[in-house]
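Structure file final.cif; described as mmCIF, C-alpha atoms and all ligand atoms; chains and numbers go by the auth columns.
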```
data_work
#
loop_
_atom_site.group_PDB
_atom_site.id
_atom_site.type_symbol
_atom_site.label_atom_id
_atom_site.label_comp_id
_atom_site.label_asym_id
_atom_site.label_seq_id
_atom_site.Cartn_x
_atom_site.Cartn_y
_atom_site.Cartn_z
_atom_site.B_iso_or_equiv
_atom_site.auth_seq_id
_atom_site.auth_asym_id
ATOM 1 C CA MET A 1 -59.154 30.886 20.334 0.00 1 A
ATOM 2 C CA ARG A 2 -55.746 31.757 21.766 0.00 2 A
ATOM 3 C CA ILE A 3 -53.005 29.325 22.645 0.00 3 A
ATOM 4 C CA CYS A 4 -50.343 30.314 25.168 0.00 4 A
ATOM 5 C CA VAL A 5 -47.395 27.988 25.691 0.00 5 A
ATOM 6 C CA PHE A 6 -45.209 28.299 28.789 0.00 6 A
ATOM 7 C CA ASP A 7 -41.974 26.575 29.757 0.00 7 A
ATOM 8 C CA THR A 8 -43.479 25.012 32.876 0.00 8 A
ATOM 9 C CA ALA A 9 -46.839 23.931 34.258 0.00 9 A
ATOM 10 C CA GLN A 10 -46.350 26.375 37.114 0.00 10 A
ATOM 11 C CA GLN A 11 -46.039 29.299 34.692 0.00 11 A
ATOM 12 C CA ALA A 12 -49.082 28.185 32.673 0.00 12 A
ATOM 13 C CA CYS A 13 -51.180 27.974 35.838 0.00 13 A
ATOM 14 C CA LYS A 14 -49.914 31.290 37.141 0.00 14 A
ATOM 15 C CA ALA A 15 -50.966 32.966 33.891 0.00 15 A
ATOM 16 C CA ALA A 16 -54.444 31.398 34.100 0.00 16 A
ATOM 17 C CA ALA A 17 -54.711 32.520 37.733 0.00 17 A
ATOM 18 C CA ALA A 18 -53.789 36.054 36.677 0.00 18 A
ATOM 19 C CA MET A 19 -56.729 36.053 34.243 0.00 19 A
ATOM 20 C CA ILE A 20 -59.084 34.912 37.022 0.00 20 A
ATOM 21 C CA ALA A 21 -57.638 37.498 39.391 0.00 21 A
ATOM 22 C CA SER A 22 -58.194 40.265 36.876 0.00 22 A
ATOM 23 C CA GLN A 23 -61.778 39.064 36.344 0.00 23 A
ATOM 24 C CA VAL A 24 -62.486 39.177 40.106 0.00 24 A
ATOM 25 C CA ILE A 25 -60.867 42.600 40.479 0.00 25 A
ATOM 26 C CA ARG A 26 -62.854 44.045 37.551 0.00 26 A
ATOM 27 C CA LYS A 27 -66.123 42.421 38.673 0.00 27 A
ATOM 28 C CA PRO A 28 -66.092 41.331 42.338 0.00 28 A
ATOM 29 C CA ASN A 29 -69.407 39.488 41.969 0.00 29 A
ATOM 30 C CA SER A 30 -68.179 37.468 39.011 0.00 30 A
ATOM 31 C CA VAL A 31 -69.618 34.023 38.400 0.00 31 A
ATOM 32 C CA LEU A 32 -66.650 31.683 38.048 0.00 32 A
ATOM 33 C CA GLY A 33 -66.923 28.171 36.660 0.00 33 A
ATOM 34 C CA LEU A 34 -64.358 25.984 38.419 0.00 34 A
ATOM 35 C CA ALA A 35 -62.702 22.636 37.760 0.00 35 A
ATOM 36 C CA THR A 36 -61.136 19.967 39.944 0.00 36 A
ATOM 37 C CA GLY A 37 -58.364 17.476 39.136 0.00 37 A
ATOM 38 C CA SER A 38 -54.606 17.985 39.211 0.00 38 A
ATOM 39 C CA SER A 39 -54.337 20.638 36.490 0.00 39 A
ATOM 40 C CA PRO A 40 -55.844 23.672 38.276 0.00 40 A
ATOM 41 C CA ILE A 41 -54.185 23.093 41.677 0.00 41 A
ATOM 42 C CA PRO A 42 -51.214 25.455 41.059 0.00 42 A
ATOM 43 C CA ALA A 43 -53.681 28.085 39.780 0.00 43 A
ATOM 44 C CA TYR A 44 -55.710 27.762 42.998 0.00 44 A
ATOM 45 C CA GLN A 45 -52.514 28.086 45.028 0.00 45 A
ATOM 46 C CA GLU A 46 -51.720 31.299 43.199 0.00 46 A
ATOM 47 C CA LEU A 47 -55.238 32.666 43.841 0.00 47 A
ATOM 48 C CA ILE A 48 -54.825 31.832 47.544 0.00 48 A
ATOM 49 C CA ARG A 49 -51.472 33.651 47.542 0.00 49 A
ATOM 50 C CA LEU A 50 -53.039 36.726 45.919 0.00 50 A
ATOM 51 C CA TYR A 51 -55.837 36.652 48.489 0.00 51 A
ATOM 52 C CA ARG A 52 -53.361 36.425 51.381 0.00 52 A
ATOM 53 C CA GLU A 53 -51.391 39.341 49.924 0.00 53 A
ATOM 54 C CA GLY A 54 -54.591 41.392 50.070 0.00 54 A
ATOM 55 C CA ILE A 55 -54.835 41.680 46.278 0.00 55 A
ATOM 56 C CA LEU A 56 -57.992 39.597 45.883 0.00 56 A
ATOM 57 C CA ASP A 57 -61.308 39.713 47.699 0.00 57 A
ATOM 58 C CA PHE A 58 -63.737 36.851 47.008 0.00 58 A
ATOM 59 C CA SER A 59 -66.477 38.031 49.371 0.00 59 A
ATOM 60 C CA GLU A 60 -68.890 38.677 46.493 0.00 60 A
ATOM 61 C CA THR A 61 -67.666 36.016 44.096 0.00 61 A
ATOM 62 C CA ILE A 62 -69.967 33.174 43.056 0.00 62 A
ATOM 63 C CA THR A 63 -68.693 29.804 41.861 0.00 63 A
ATOM 64 C CA TYR A 64 -70.201 26.850 40.051 0.00 64 A
ATOM 65 C CA ASN A 65 -68.133 23.709 39.704 0.00 65 A
ATOM 66 C CA LEU A 66 -68.184 21.606 36.592 0.00 66 A
ATOM 67 C CA ASP A 67 -68.933 18.225 38.023 0.00 67 A
ATOM 68 C CA GLU A 68 -69.209 15.720 40.839 0.00 68 A
ATOM 69 C CA TYR A 69 -69.110 11.945 41.122 0.00 69 A
ATOM 70 C CA VAL A 70 -72.433 10.200 41.601 0.00 70 A
ATOM 71 C CA GLY A 71 -72.769 8.452 44.943 0.00 71 A
ATOM 72 C CA LEU A 72 -70.079 10.222 46.977 0.00 72 A
ATOM 73 C CA THR A 73 -71.100 12.307 49.960 0.00 73 A
ATOM 74 C CA GLU A 74 -69.768 15.868 50.321 0.00 74 A
ATOM 75 C CA GLN A 75 -67.459 14.640 53.095 0.00 75 A
ATOM 76 C CA HIS A 76 -65.906 11.845 51.038 0.00 76 A
ATOM 77 C CA PRO A 77 -62.231 12.758 50.554 0.00 77 A
ATOM 78 C CA CYS A 78 -62.432 11.923 46.830 0.00 78 A
ATOM 79 C CA SER A 79 -65.569 14.007 46.227 0.00 79 A
ATOM 80 C CA TYR A 80 -65.216 17.240 44.327 0.00 80 A
ATOM 81 C CA HIS A 81 -67.047 19.029 47.163 0.00 81 A
ATOM 82 C CA PHE A 82 -64.205 17.999 49.447 0.00 82 A
ATOM 83 C CA PHE A 83 -61.550 18.861 46.862 0.00 83 A
ATOM 84 C CA MET A 84 -62.829 22.412 46.414 0.00 84 A
ATOM 85 C CA GLN A 85 -63.014 23.076 50.152 0.00 85 A
ATOM 86 C CA ASP A 86 -59.572 21.644 50.653 0.00 86 A
ATOM 87 C CA GLN A 87 -57.801 23.198 47.665 0.00 87 A
ATOM 88 C CA LEU A 88 -59.454 26.618 47.529 0.00 88 A
ATOM 89 C CA PHE A 89 -62.571 27.575 49.463 0.00 89 A
ATOM 90 C CA ASP A 90 -61.145 26.961 52.965 0.00 90 A
ATOM 91 C CA HIS A 91 -58.277 29.336 52.205 0.00 91 A
ATOM 92 C CA ILE A 92 -60.087 32.388 50.813 0.00 92 A
ATOM 93 C CA ASN A 93 -62.917 34.609 51.998 0.00 93 A
ATOM 94 C CA ILE A 94 -65.574 33.179 49.676 0.00 94 A
ATOM 95 C CA ARG A 95 -69.009 32.686 51.255 0.00 95 A
ATOM 96 C CA LYS A 96 -70.017 29.046 51.500 0.00 96 A
ATOM 97 C CA GLU A 97 -73.496 29.891 50.163 0.00 97 A
ATOM 98 C CA ASN A 98 -71.909 31.391 47.039 0.00 98 A
ATOM 99 C CA THR A 99 -70.115 28.161 46.139 0.00 99 A
ATOM 100 C CA HIS A 100 -71.872 25.431 44.186 0.00 100 A
ATOM 101 C CA VAL A 101 -70.894 21.901 43.260 0.00 101 A
ATOM 102 C CA PRO A 102 -73.465 19.535 41.707 0.00 102 A
ATOM 103 C CA ASP A 103 -75.040 17.182 44.250 0.00 103 A
ATOM 104 C CA GLY A 104 -73.924 13.740 43.122 0.00 104 A
ATOM 105 C CA HIS A 105 -75.584 12.206 46.151 0.00 105 A
ATOM 106 C CA SER A 106 -79.052 13.393 45.205 0.00 106 A
ATOM 107 C CA GLU A 107 -81.819 10.822 44.834 0.00 107 A
ATOM 108 C CA HIS A 108 -83.193 12.745 41.870 0.00 108 A
ATOM 109 C CA LEU A 109 -80.167 13.333 39.703 0.00 109 A
ATOM 110 C CA ASP A 110 -81.996 14.498 36.563 0.00 110 A
ATOM 111 C CA GLU A 111 -83.909 17.079 38.577 0.00 111 A
ATOM 112 C CA THR A 112 -80.697 18.132 40.324 0.00 112 A
ATOM 113 C CA ALA A 113 -78.997 18.587 36.943 0.00 113 A
ATOM 114 C CA ARG A 114 -81.860 20.691 35.602 0.00 114 A
ATOM 115 C CA ALA A 115 -81.901 22.850 38.737 0.00 115 A
ATOM 116 C CA TYR A 116 -78.121 23.371 38.466 0.00 116 A
ATOM 117 C CA ASP A 117 -78.465 24.784 34.932 0.00 117 A
ATOM 118 C CA GLU A 118 -81.350 26.981 36.051 0.00 118 A
ATOM 119 C CA ALA A 119 -79.323 28.330 38.973 0.00 119 A
ATOM 120 C CA ILE A 120 -76.420 29.234 36.666 0.00 120 A
ATOM 121 C CA CYS A 121 -78.847 30.987 34.332 0.00 121 A
ATOM 122 C CA ALA A 122 -80.439 32.867 37.247 0.00 122 A
ATOM 123 C CA ALA A 123 -76.973 33.969 38.382 0.00 123 A
ATOM 124 C CA GLY A 124 -76.500 35.557 34.950 0.00 124 A
ATOM 125 C CA GLY A 125 -74.389 32.790 33.370 0.00 125 A
ATOM 126 C CA ILE A 126 -70.704 32.079 33.852 0.00 126 A
ATOM 127 C CA ASP A 127 -68.303 34.982 33.383 0.00 127 A
ATOM 128 C CA MET A 128 -65.139 32.911 33.336 0.00 128 A
ATOM 129 C CA GLN A 129 -64.949 29.129 33.067 0.00 129 A
ATOM 130 C CA LEU A 130 -61.806 27.271 34.099 0.00 130 A
ATOM 131 C CA LEU A 131 -61.289 23.844 32.527 0.00 131 A
ATOM 132 C CA GLY A 132 -58.836 20.970 32.538 0.00 132 A
ATOM 133 C CA ILE A 133 -58.870 18.411 29.741 0.00 133 A
ATOM 134 C CA GLY A 134 -59.051 14.634 29.926 0.00 134 A
ATOM 135 C CA ARG A 135 -56.555 12.432 28.078 0.00 135 A
ATOM 136 C CA ASN A 136 -59.531 11.538 25.875 0.00 136 A
ATOM 137 C CA GLY A 137 -60.323 15.216 25.210 0.00 137 A
ATOM 138 C CA HIS A 138 -63.198 15.471 27.693 0.00 138 A
ATOM 139 C CA ILE A 139 -64.094 18.779 29.340 0.00 139 A
ATOM 140 C CA GLY A 140 -66.101 18.565 32.515 0.00 140 A
ATOM 141 C CA PHE A 141 -67.175 14.940 32.274 0.00 141 A
ATOM 142 C CA ASN A 142 -68.437 15.353 28.723 0.00 142 A
ATOM 143 C CA GLU A 143 -66.991 12.136 27.399 0.00 143 A
ATOM 144 C CA PRO A 144 -66.218 11.292 23.746 0.00 144 A
ATOM 145 C CA GLY A 145 -69.449 10.386 22.004 0.00 145 A
ATOM 146 C CA SER A 146 -71.715 10.963 19.067 0.00 146 A
ATOM 147 C CA GLN A 147 -73.016 14.352 20.176 0.00 147 A
ATOM 148 C CA PHE A 148 -72.366 17.426 22.262 0.00 148 A
ATOM 149 C CA ILE A 149 -74.835 17.379 25.170 0.00 149 A
ATOM 150 C CA TYR A 150 -76.139 20.846 25.950 0.00 150 A
ATOM 151 C CA GLY A 151 -77.364 20.744 29.537 0.00 151 A
ATOM 152 C CA CYS A 152 -76.137 19.483 32.881 0.00 152 A
ATOM 153 C CA HIS A 153 -76.564 15.710 32.848 0.00 153 A
ATOM 154 C CA VAL A 154 -75.646 12.357 34.350 0.00 154 A
ATOM 155 C CA VAL A 155 -72.702 10.737 32.566 0.00 155 A
ATOM 156 C CA ASN A 156 -71.384 7.192 32.408 0.00 156 A
ATOM 157 C CA LEU A 157 -67.648 7.661 32.792 0.00 157 A
ATOM 158 C CA SER A 158 -65.520 6.167 30.035 0.00 158 A
ATOM 159 C CA GLN A 159 -63.010 3.441 30.865 0.00 159 A
ATOM 160 C CA SER A 160 -60.151 5.834 30.064 0.00 160 A
ATOM 161 C CA THR A 161 -61.466 8.393 32.586 0.00 161 A
ATOM 162 C CA ILE A 162 -61.951 5.688 35.227 0.00 162 A
ATOM 163 C CA GLU A 163 -58.358 4.574 34.673 0.00 163 A
ATOM 164 C CA ALA A 164 -57.005 8.137 34.688 0.00 164 A
ATOM 165 C CA ASN A 165 -58.812 8.955 37.937 0.00 165 A
ATOM 166 C CA THR A 166 -57.914 5.741 39.751 0.00 166 A
ATOM 167 C CA ARG A 167 -54.870 7.605 41.090 0.00 167 A
ATOM 168 C CA PHE A 168 -57.157 9.543 43.436 0.00 168 A
ATOM 169 C CA PHE A 169 -58.778 6.374 44.865 0.00 169 A
ATOM 170 C CA ASP A 170 -57.505 3.223 46.625 0.00 170 A
ATOM 171 C CA SER A 171 -58.217 1.087 43.575 0.00 171 A
ATOM 172 C CA GLU A 172 -59.998 1.183 40.207 0.00 172 A
ATOM 173 C CA LYS A 173 -63.084 -0.516 41.618 0.00 173 A
ATOM 174 C CA ASP A 174 -63.582 2.404 44.025 0.00 174 A
ATOM 175 C CA VAL A 175 -63.888 4.976 41.210 0.00 175 A
ATOM 176 C CA PRO A 176 -67.569 5.866 40.739 0.00 176 A
ATOM 177 C CA ARG A 177 -68.889 4.848 37.324 0.00 177 A
ATOM 178 C CA GLN A 178 -71.117 7.889 36.946 0.00 178 A
ATOM 179 C CA ALA A 179 -70.856 11.628 37.419 0.00 179 A
ATOM 180 C CA ILE A 180 -73.070 14.662 37.072 0.00 180 A
ATOM 181 C CA SER A 181 -71.531 17.194 34.705 0.00 181 A
ATOM 182 C CA LEU A 182 -72.218 20.592 33.282 0.00 182 A
ATOM 183 C CA GLY A 183 -73.047 20.232 29.601 0.00 183 A
ATOM 184 C CA ILE A 184 -71.278 21.822 26.680 0.00 184 A
ATOM 185 C CA GLY A 185 -73.992 24.525 26.482 0.00 185 A
ATOM 186 C CA SER A 186 -73.159 26.236 29.789 0.00 186 A
ATOM 187 C CA ILE A 187 -69.429 25.931 29.119 0.00 187 A
ATOM 188 C CA MET A 188 -69.809 27.491 25.670 0.00 188 A
ATOM 189 C CA GLN A 189 -72.030 30.245 27.047 0.00 189 A
ATOM 190 C CA ALA A 190 -69.314 31.337 29.491 0.00 190 A
ATOM 191 C CA LYS A 191 -67.998 34.711 28.402 0.00 191 A
ATOM 192 C CA THR A 192 -64.395 33.543 28.682 0.00 192 A
ATOM 193 C CA VAL A 193 -63.067 29.991 28.839 0.00 193 A
ATOM 194 C CA LEU A 194 -59.605 29.175 30.208 0.00 194 A
ATOM 195 C CA LEU A 195 -58.286 25.650 29.662 0.00 195 A
ATOM 196 C CA ILE A 196 -55.185 24.454 31.488 0.00 196 A
ATOM 197 C CA ALA A 197 -53.361 21.432 30.038 0.00 197 A
ATOM 198 C CA THR A 198 -50.013 20.371 31.387 0.00 198 A
ATOM 199 C CA GLY A 199 -47.871 17.276 31.037 0.00 199 A
ATOM 200 C CA LYS A 200 -47.170 14.922 28.157 0.00 200 A
ATOM 201 C CA ASP A 201 -50.246 12.816 28.929 0.00 201 A
ATOM 202 C CA LYS A 202 -52.331 15.662 27.536 0.00 202 A
ATOM 203 C CA ALA A 203 -50.340 16.260 24.324 0.00 203 A
ATOM 204 C CA GLN A 204 -52.535 14.089 22.082 0.00 204 A
ATOM 205 C CA ALA A 205 -55.799 15.536 23.417 0.00 205 A
ATOM 206 C CA VAL A 206 -54.436 19.068 23.003 0.00 206 A
ATOM 207 C CA HIS A 207 -53.306 18.287 19.459 0.00 207 A
ATOM 208 C CA ASP A 208 -56.659 16.757 18.509 0.00 208 A
ATOM 209 C CA SER A 209 -58.619 19.627 20.094 0.00 209 A
ATOM 210 C CA ILE A 210 -56.669 22.326 18.311 0.00 210 A
ATOM 211 C CA LEU A 211 -55.686 20.736 15.006 0.00 211 A
ATOM 212 C CA GLY A 212 -58.236 17.955 14.447 0.00 212 A
ATOM 213 C CA ASP A 213 -61.874 18.257 13.403 0.00 213 A
ATOM 214 C CA VAL A 214 -64.453 19.873 15.642 0.00 214 A
ATOM 215 C CA THR A 215 -66.136 16.653 16.756 0.00 215 A
ATOM 216 C CA PRO A 216 -67.932 15.232 19.795 0.00 216 A
ATOM 217 C CA GLN A 217 -65.314 12.468 19.741 0.00 217 A
ATOM 218 C CA VAL A 218 -62.976 15.165 21.111 0.00 218 A
ATOM 219 C CA GLN A 219 -65.295 17.316 23.210 0.00 219 A
ATOM 220 C CA ALA A 220 -62.723 20.074 23.804 0.00 220 A
ATOM 221 C CA SER A 221 -62.552 20.699 20.045 0.00 221 A
ATOM 222 C CA ILE A 222 -65.821 22.676 20.373 0.00 222 A
ATOM 223 C CA LEU A 223 -63.810 25.391 22.122 0.00 223 A
ATOM 224 C CA ARG A 224 -62.365 26.341 18.723 0.00 224 A
ATOM 225 C CA THR A 225 -65.746 27.895 17.994 0.00 225 A
ATOM 226 C CA HIS A 226 -65.708 29.958 21.223 0.00 226 A
ATOM 227 C CA PRO A 227 -64.730 33.607 20.662 0.00 227 A
ATOM 228 C CA GLU A 228 -62.854 33.925 23.975 0.00 228 A
ATOM 229 C CA ALA A 229 -61.246 30.560 24.674 0.00 229 A
ATOM 230 C CA ILE A 230 -57.629 30.527 25.822 0.00 230 A
ATOM 231 C CA PHE A 231 -55.493 27.385 26.212 0.00 231 A
ATOM 232 C CA PHE A 232 -52.709 27.615 28.816 0.00 232 A
ATOM 233 C CA LEU A 233 -50.202 24.886 27.974 0.00 233 A
ATOM 234 C CA ASP A 234 -46.812 23.852 29.168 0.00 234 A
ATOM 235 C CA ARG A 235 -44.199 22.635 26.668 0.00 235 A
ATOM 236 C CA ASP A 236 -45.055 18.961 27.257 0.00 236 A
ATOM 237 C CA ALA A 237 -48.762 19.421 26.560 0.00 237 A
ATOM 238 C CA ALA A 238 -47.941 21.497 23.471 0.00 238 A
ATOM 239 C CA ALA A 239 -45.372 19.003 22.177 0.00 239 A
ATOM 240 C CA LEU A 240 -47.474 17.723 19.246 0.00 240 A
ATOM 241 C CA LEU A 241 -48.609 21.124 17.980 0.00 241 A
HETATM 242 C C1 LIG B . -62.641 18.154 36.649 0.00 301 B
HETATM 243 C C2 LIG B . -63.013 17.920 35.274 0.00 301 B
HETATM 244 C C3 LIG B . -62.176 17.097 34.342 0.00 301 B
HETATM 245 C C4 LIG B . -60.679 17.323 34.527 0.00 301 B
HETATM 246 C C5 LIG B . -59.891 16.443 33.575 0.00 301 B
HETATM 247 C C6 LIG B . -58.400 16.591 33.775 0.00 301 B
HETATM 248 O O1 LIG B . -63.571 18.965 37.293 0.00 301 B
HETATM 249 O O2 LIG B . -64.037 18.365 34.888 0.00 301 B
HETATM 250 O O3 LIG B . -62.536 17.406 33.025 0.00 301 B
HETATM 251 O O4 LIG B . -60.376 18.658 34.299 0.00 301 B
HETATM 252 O O5 LIG B . -60.239 15.110 33.767 0.00 301 B
HETATM 253 O O6 LIG B . -58.061 16.129 35.039 0.00 301 B
HETATM 254 P P1 LIG B . -56.587 16.319 35.610 0.00 301 B
HETATM 255 O O7 LIG B . -56.366 17.780 35.709 0.00 301 B
HETATM 256 O O8 LIG B . -56.599 15.649 36.933 0.00 301 B
HETATM 257 O O9 LIG B . -55.682 15.676 34.619 0.00 301 B
#
```

Just give me the structure of the file as structure tokens.
Amino acid sequence: MRICVFDTAQQACKAAAAMIASQVIRKPNSVLGLATGSSPIPAYQELIRLYREGILDFSETITYNLDEYVGLTEQHPCSYHFFMQDQLFDHINIRKENTHVPDGHSEHLDETARAYDEAICAAGGIDMQLLGIGRNGHIGFNEPGSQFIYGCHVVNLSQSTIEANTRFFDSEKDVPRQAISLGIGSIMQAKTVLLIATGKDKAQAVHDSILGDVTPQVQASILRTHPEAIFFLDRDAAALL
């Protein structure tokens, strides 16, 4: 595991974007695992800039997102489908059919989750997985618990995640209570994992992931056992290291 600390969030995200850019240049048909939330937005802006400059071509790139809320339609402005279109896909030349976000609106969520894992496998697995981290140490929506769950699954969101994500909704009661999330297995099978953590809210989770025990209570701690995991931190997120 490598830990890179930058003065600002912008610099941390730019460095993570440079890793993704180099992956896409080396292998245009890369399978990228993508995240939503606030943390990766500057990285997506940098990828869009590199595309507009003619440095990146996403026409063969395939993406699988980490997660989606249960019960929101693709068009819902708080859905992760909408987020990805709005923050990245609408601004680059990726093919719509090459982008994948779990269907949280499916009537058969367990089947949908199984099919999502199978599709990733059939695509050859994830080359590079981008992650944020929850204040409680979650990656994807793998919440603190008694075990690491291997496959894509339906999750009951923890109260701390509901509170953290209320900022994207009108009120706490509007935050869905469930999500469909990639499991720890697919994340750990990615050839390279990039985790972006910025801001002082993430300092404790970063500390516990890097310096605490490897434990399902802090799901990101599993990344210590990944041979190619890189944490991109700003000074605030690294403050307790
Ligand atoms: C998002 C995801 C989550 C977020 C995490 C941090 O797809 O899987 O694990 O990365 O909750 O969210 P932000 O970046 O909004 O603090």

A:Lys173, A:His226, A:Lys202, A:Arg52 ranked by distance to ligand LIG 301 (chain B), top pick (using all atoms listed in the file):
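Of A:Lys173, A:His226, A:Lys202, A:Arg52, the one nearest ligand LIG 301 (chain B) is A:Lys202, counting all atoms listed in the file.
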
Selection dump of the PyMOL selection byres (((chain A and resi 90) around 12) and not hetatm), as a short mmCIF file (atom, residue, chain, number, x, y, z; two decimals) with C-alpha atoms, keeping the file's coordinate frame:
```
data_model
loop_
_atom_site.label_atom_id
_atom_site.label_comp_id
_atom_site.auth_asym_id
_atom_site.auth_seq_id
_atom_site.Cartn_x
_atom_site.Cartn_y
_atom_site.Cartn_z
CA TYR A 44 -55.71 27.76 43.00
CA GLN A 45 -52.51 28.09 45.03
CA ILE A 48 -54.82 31.83 47.54
CA TYR A 51 -55.84 36.65 48.49
CA PHE A 58 -63.74 36.85 47.01
CA HIS A 81 -67.05 19.03 47.16
CA PHE A 82 -64.20 18.00 49.45
CA PHE A 83 -61.55 18.86 46.86
CA MET A 84 -62.83 22.41 46.41
CA GLN A 85 -63.01 23.08 50.15
CA ASP A 86 -59.57 21.64 50.65
CA GLN A 87 -57.80 23.20 47.66
CA LEU A 88 -59.45 26.62 47.53
CA PHE A 89 -62.57 27.58 49.46
CA HIS A 91 -58.28 29.34 52.20
CA ILE A 92 -60.09 32.39 50.81
CA ASN A 93 -62.92 34.61 52.00
CA ILE A 94 -65.57 33.18 49.68
CA ARG A 95 -69.01 32.69 51.26
CA LYS A 96 -70.02 29.05 51.50
CA THR A 99 -70.11 28.16 46.14
#
```

So what do you get for atom CA of A:Ala122 versus atom CA of A:Val31, distance-wise?
10.9 Å

If you count only C-alpha atoms and all ligand atoms, which residues end up within 6 Å of ligand LIG 301 (chain B), as a ChimeraX atom specification?
/A:35-39,66-67,131-134,138-141

Please, could you write that set of residues out with C-alpha atoms as a PDB file, in the coordinates of the input?
```pdb
ATOM      1  CA  ALA A  35     -62.702  22.636  37.760  1.00  0.00           C
ATOM      2  CA  THR A  36     -61.136  19.967  39.944  1.00  0.00           C
ATOM      3  CA  GLY A  37     -58.364  17.476  39.136  1.00  0.00           C
ATOM      4  CA  SER A  38     -54.606  17.985  39.211  1.00  0.00           C
ATOM      5  CA  SER A  39     -54.337  20.638  36.490  1.00  0.00           C
ATOM      6  CA  LEU A  66     -68.184  21.606  36.592  1.00  0.00           C
ATOM      7  CA  ASP A  67     -68.933  18.225  38.023  1.00  0.00           C
ATOM      8  CA  LEU A 131     -61.289  23.844  32.527  1.00  0.00           C
ATOM      9  CA  GLY A 132     -58.836  20.970  32.538  1.00  0.00           C
ATOM     10  CA  ILE A 133     -58.870  18.411  29.741  1.00  0.00           C
ATOM     11  CA  GLY A 134     -59.051  14.634  29.926  1.00  0.00           C
ATOM     12  CA  HIS A 138     -63.198  15.471  27.693  1.00  0.00           C
ATOM     13  CA  ILE A 139     -64.094  18.779  29.340  1.00  0.00           C
ATOM     14  CA  GLY A 140     -66.101  18.565  32.515  1.00  0.00           C
ATOM     15  CA  PHE A 141     -67.175  14.940  32.274  1.00  0.00           C
TER      16      PHE A 141
END
```

Identify which of the residues A:Val206, A:Cys152, A:Cys121, A:Leu211 lies closest to A:Pro102, counting only C-alpha atoms when measuring atom-to-atom distances.
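Among the listed residues, the smallest separation from A:Pro102 belongs to A:Cys152.
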
Give the padded box for stretch 59-77 of chain A as AutoDock Vina command-line options: axis-aligned, covering all atoms listed in the file, 3 Å on each side, centre and edge lengths in Å to one decimal.
```
--center_x -67.5 --center_y 23.6 --center_z 44.8 --size_x 16.5 --size_y 36.2 --size_z 22.5
```

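Between A:Asp201 and the candidates A:Val24, A:Leu240, A:Val70, A:Ile230, the tightest atom-to-atom separation, counting all atoms listed in the file, involves A:Leu240.
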
Using all atoms listed in the file, which residue out of A:Asp170, A:Asp208, A:Glu60, A:Glu163 lies closest to A:Asn98?
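Selected residue with least distance to A:Asn98: A:Glu60.
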
Evaluate the PyMOL selection byres (((chain A and resi 109) around 12) and not hetatm) and report residues as a ChimeraX atom specification
/A:68-71,102-108,110-116,152-155,178-181

For C-alpha atoms, I'd like the residues from the last selection saved as an mmCIF file, in the coordinates of the input.
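Contents of out23.cif, freshly written:
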```cif
data_model
loop_
_atom_site.group_PDB
_atom_site.id
_atom_site.type_symbol
_atom_site.label_atom_id
_atom_site.label_comp_id
_atom_site.auth_asym_id
_atom_site.auth_seq_id
_atom_site.Cartn_x
_atom_site.Cartn_y
_atom_site.Cartn_z
ATOM 1 C CA GLU A 68 -69.209 15.720 40.839
ATOM 2 C CA TYR A 69 -69.110 11.945 41.122
ATOM 3 C CA VAL A 70 -72.433 10.200 41.601
ATOM 4 C CA GLY A 71 -72.769 8.452 44.943
ATOM 5 C CA PRO A 102 -73.465 19.535 41.707
ATOM 6 C CA ASP A 103 -75.040 17.182 44.250
ATOM 7 C CA GLY A 104 -73.924 13.740 43.122
ATOM 8 C CA HIS A 105 -75.584 12.206 46.151
ATOM 9 C CA SER A 106 -79.052 13.393 45.205
ATOM 10 C CA GLU A 107 -81.819 10.822 44.834
ATOM 11 C CA HIS A 108 -83.193 12.745 41.870
ATOM 12 C CA ASP A 110 -81.996 14.498 36.563
ATOM 13 C CA GLU A 111 -83.909 17.079 38.577
ATOM 14 C CA THR A 112 -80.697 18.132 40.324
ATOM 15 C CA ALA A 113 -78.997 18.587 36.943
ATOM 16 C CA ARG A 114 -81.860 20.691 35.602
ATOM 17 C CA ALA A 115 -81.901 22.850 38.737
ATOM 18 C CA TYR A 116 -78.121 23.371 38.466
ATOM 19 C CA CYS A 152 -76.137 19.483 32.881
ATOM 20 C CA HIS A 153 -76.564 15.710 32.848
ATOM 21 C CA VAL A 154 -75.646 12.357 34.350
ATOM 22 C CA VAL A 155 -72.702 10.737 32.566
ATOM 23 C CA GLN A 178 -71.117 7.889 36.946
ATOM 24 C CA ALA A 179 -70.856 11.628 37.419
ATOM 25 C CA ILE A 180 -73.070 14.662 37.072
ATOM 26 C CA SER A 181 -71.531 17.194 34.705
#
```

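The interatomic distance for the pair atom CA of A:Gly199 and atom CA of A:Cys4 works out to 14.5 Å.
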
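Atom CA of A:Ile196 is positioned 15.4 Å from atom CA of A:Ala21.
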
Best match for closeness to A:Arg135 among A:Leu72, A:Cys13, A:Ala220, A:Cys78, counting all atoms listed in the file:
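Residue with the minimum atom-to-atom distance to A:Arg135: A:Ala220.
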
Among A:Leu34, A:Ser158, A:Leu194, A:Phe148, A:Ala18 is approached most closely, using all atoms listed in the file, by A:Leu194

Using all atoms listed in the file, which residues sit within 8 Å of A:Ile126 once same-chain residues fewer than 4 positions away are excluded, as a PyMOL selection string?
chain A and resi 30-33+120+186-187+189-191

Selection under test: the PyMOL selection byres (((chain A and resi 17) around 9) and not hetatm); residues as an MDAnalysis selection string
chainID A and resid 12:16 18:22 40 42:47

Select all residues near (-47.3, 31.0, 28.9) (cut-off 8 Å, inclusive, file coordinates), counting only C-alpha atoms, and output them as a ChimeraX atom specification.
/A:4-7,11-12,15,232-234

Applying 7 Å and only C-alpha atoms, which residues near A:Ala203 remain after dropping the ones on its own chain fewer than 5 positions away? List them as a list in words.
Asp236, Ala237, Ala238, Ala239 and Leu240 of chain A
